[in-house]
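Worksheet: the structure to be examined is printed underneath.
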Amino acid sequence: MKKQWIAGIALLTLASAYCRADDVTPPTDNILKDQFYADFTGLMRLDDISLKLIRAEGNQATWSAEGDMSATEDLYNMVGMAGDYKFMEKNWVKGHQIKFSAMVTSVGTPASGWRTEFFSMQTAAKVIGYPLPKTENKDHYLVITDSNFYPKLAKIESIYHDKKIAQEKALSQIEKIEKQITDIDTQIKQSWGVDTNGKPRTRSDVMQEKLEKMYEVDKQNDPLTYENHYYKTVYDPALAVCQAKPECDAVPLRAARDTALNEQKRDYYRQHALMSAKINEEMAAYDERLKPLYNQQSELRRQGMALDTQSSQLKNEYERWDRDITDLRRKGIIK
């Protein structure tokens, strides 16, 4: 893309020098036009020019220049931005001639060729502008000097108004979804019933109640408690009777003791495993019964998050546009 050009104003201090105008040969129009075109990277061309000698020394001369110039493309300047839209002002119309004045220095002769430089440029139009990009979406460039600018602006403002309405609608939908989620949550909580005091139970409460019943059975069948009771009521009395005899063979007593204790431990762990499995099955059945409600809640939360993202994006887009367009009107760039 051709770069923006800005012709700055330079000060020129002219030294007095005496010469005869007919002794100095000016650069040809073609040379001046080629240099002018190159200086402005092809965005400007020199149509007509007249030179008046100001100063000359050797092969160097300074001239005052007047004439007509024109842009090779329509040139614009960005005066503001609102949302994703750039507001442009057309400063130069392609091919439309504009009066200018400038200073020109030339170095050279007809035989050696010329090198020229334009400076202290003054034009009847703003000396600033660049062509609109050819690769970007031109719908996002609004030219405030065009006759159809305000109809285009009205359509865009209508689009942003619709965004605001859509954002408000999304917020209303989010409120409805949040209420649905709350209602389902109430159903889930009520499904666990109440305790003996009438207090609502949670899944954790129900699980804990079942575990406490299992722990109570475990306590009643505790292997260490059984072992102490076995020693006190069975093994120790039998061993005392045996030891009262002249010859005591305690091996059968110990074997019977080990068998009884081991069987009781196996029964204990087997019963514990069965109770634990039953608790898991019962809780799984509860969860399966509530699964549709949990799934419904998850889907509602997904919808709510999507609407929240949409609402935030619409809100940001509208507020950014409203802030920017209000500022452009406040500055008088548009009405």
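Chains: A, B, ... in order of the structure tokens. Residues: from 1 per chain. Ligands: from 1, in order shown.
Near Ser191 of chain A, within 9 Å and counting only C-alpha atoms, sit Arg201, Thr202, Tyr286 and Leu290 of chain A; same-chain residues fewer than 6 positions away were not included.
By chain and then residue number, the residues within 10 Å of Tyr150 of chain A are Leu142, Val143, Ile144, Ile156, Ile334 and Lys335 of chain A, counting only C-alpha atoms and disregarding those fewer than 6 positions away in sequence.
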Residues within 8 Å of Tyr160 of chain A, please, as a count of residues only. Count only C-alpha atoms; anything in the same chain fewer than 4 positions from it doesn't count. 5
Using atom CA of Val241 of chain A and atom CA of Glu227 of chain A as the two end points, give the distance in Å to one decimal. 19.7 Å
Counting only C-alpha atoms, give me one row per residue of segment 151-258 of chain A with an atom at most 8 Å from an atom of segment 274-284 of chain A, showing the shortest contact pair and its distance in Å to one decimal, sorted by chain then residue number, as a Markdown table.
| residue | atom | partner | partner_atom | distance |
| --- | --- | --- | --- | --- |
| A:Met207 | CA | A:Met283 | CA | 7.3 |
| A:Lys210 | CA | A:Ile279 | CA | 6.7 |
| A:Leu211 | CA | A:Ile279 | CA | 7.7 |
| A:Met214 | CA | A:Met275 | CA | 6.5 |
For the residues selected in the previous step, produce a file with C-alpha atoms as a PDB file, in the first residue's frame.
ATOM      1  CA  MET A 207     -24.303 -41.889  52.753  1.00  0.00           C
ATOM      2  CA  LYS A 210     -25.649 -45.956  55.905  1.00  0.00           C
ATOM      3  CA  LEU A 211     -21.982 -45.989  56.843  1.00  0.00           C
ATOM      4  CA  MET A 214     -22.317 -50.548  58.852  1.00  0.00           C
TER       5      MET A 214
END
If you count only C-alpha atoms, the residue of A:Leu224, A:Val127, A:Ala238, A:Ala65 closest to Ser50 of chain A turns out to be A:Ala65
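Atom pair atom CA of Tyr269 of chain A / atom CA of Asp236 of chain A has a distance of 25.8 Å (rounded to one decimal).
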Judged by only C-alpha atoms, the minimum distance to Pro200 of chain A among A:Arg55, A:Tyr141, A:Pro223, A:Gln187 is found for A:Gln187
Write out as an MDAnalysis selection string all residues of segment 78-184 of chain A that backbone DSSP assigns to strand (DSSP E). chainID A and resid 78:82 85:92 98:109 113:123 128:129 141:143
Excluding Asp162 of chain A and residues on its chain fewer than 4 positions from it, collect all residues at most 12 Å away from it, counting only C-alpha atoms, and give them as an NGL selection string. :A and (155-158 or 166-169 or 314-315 or 317-318)
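Considering the residues A:Cys248, A:Val104, A:Met78, A:Met88 and counting only C-alpha atoms, Leu51 of chain A has its shortest atom-to-atom contact with A:Val104.
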For Asn77 of chain A: contacts at 8 Å, only C-alpha atoms, fewer than 6 positions along chain excluded, given as a compact mmCIF listing (two decimals) with N, CA, C and O atoms, in the first residue's frame:
# COMPACT_ATOMS: atom_id res chain seq x y z
N MET A 88 -13.55 8.45 7.47
CA MET A 88 -12.56 9.05 6.59
C MET A 88 -13.09 10.36 5.99
O MET A 88 -14.30 10.56 5.83
N GLU A 89 -12.16 11.24 5.68
CA GLU A 89 -12.47 12.47 4.97
C GLU A 89 -11.70 12.45 3.65
O GLU A 89 -10.48 12.20 3.65
N LYS A 90 -12.39 12.67 2.53
CA LYS A 90 -11.71 12.68 1.24
C LYS A 90 -11.08 14.05 1.04
O LYS A 90 -11.77 15.07 0.97
N ASN A 91 -9.76 14.08 0.94
CA ASN A 91 -9.03 15.33 0.77
C ASN A 91 -8.67 15.62 -0.70
O ASN A 91 -8.54 16.78 -1.08
N ILE A 128 -2.40 16.07 2.98
CA ILE A 128 -2.35 14.82 3.74
C ILE A 128 -3.38 13.86 3.16
O ILE A 128 -4.44 14.28 2.70
N GLY A 129 -3.06 12.60 3.14
CA GLY A 129 -4.02 11.63 2.63
C GLY A 129 -3.36 10.35 2.17
O GLY A 129 -2.15 10.32 1.93
N TYR A 130 -4.16 9.32 2.04
CA TYR A 130 -3.67 8.04 1.52
C TYR A 130 -4.85 7.30 0.90
O TYR A 130 -6.01 7.54 1.25
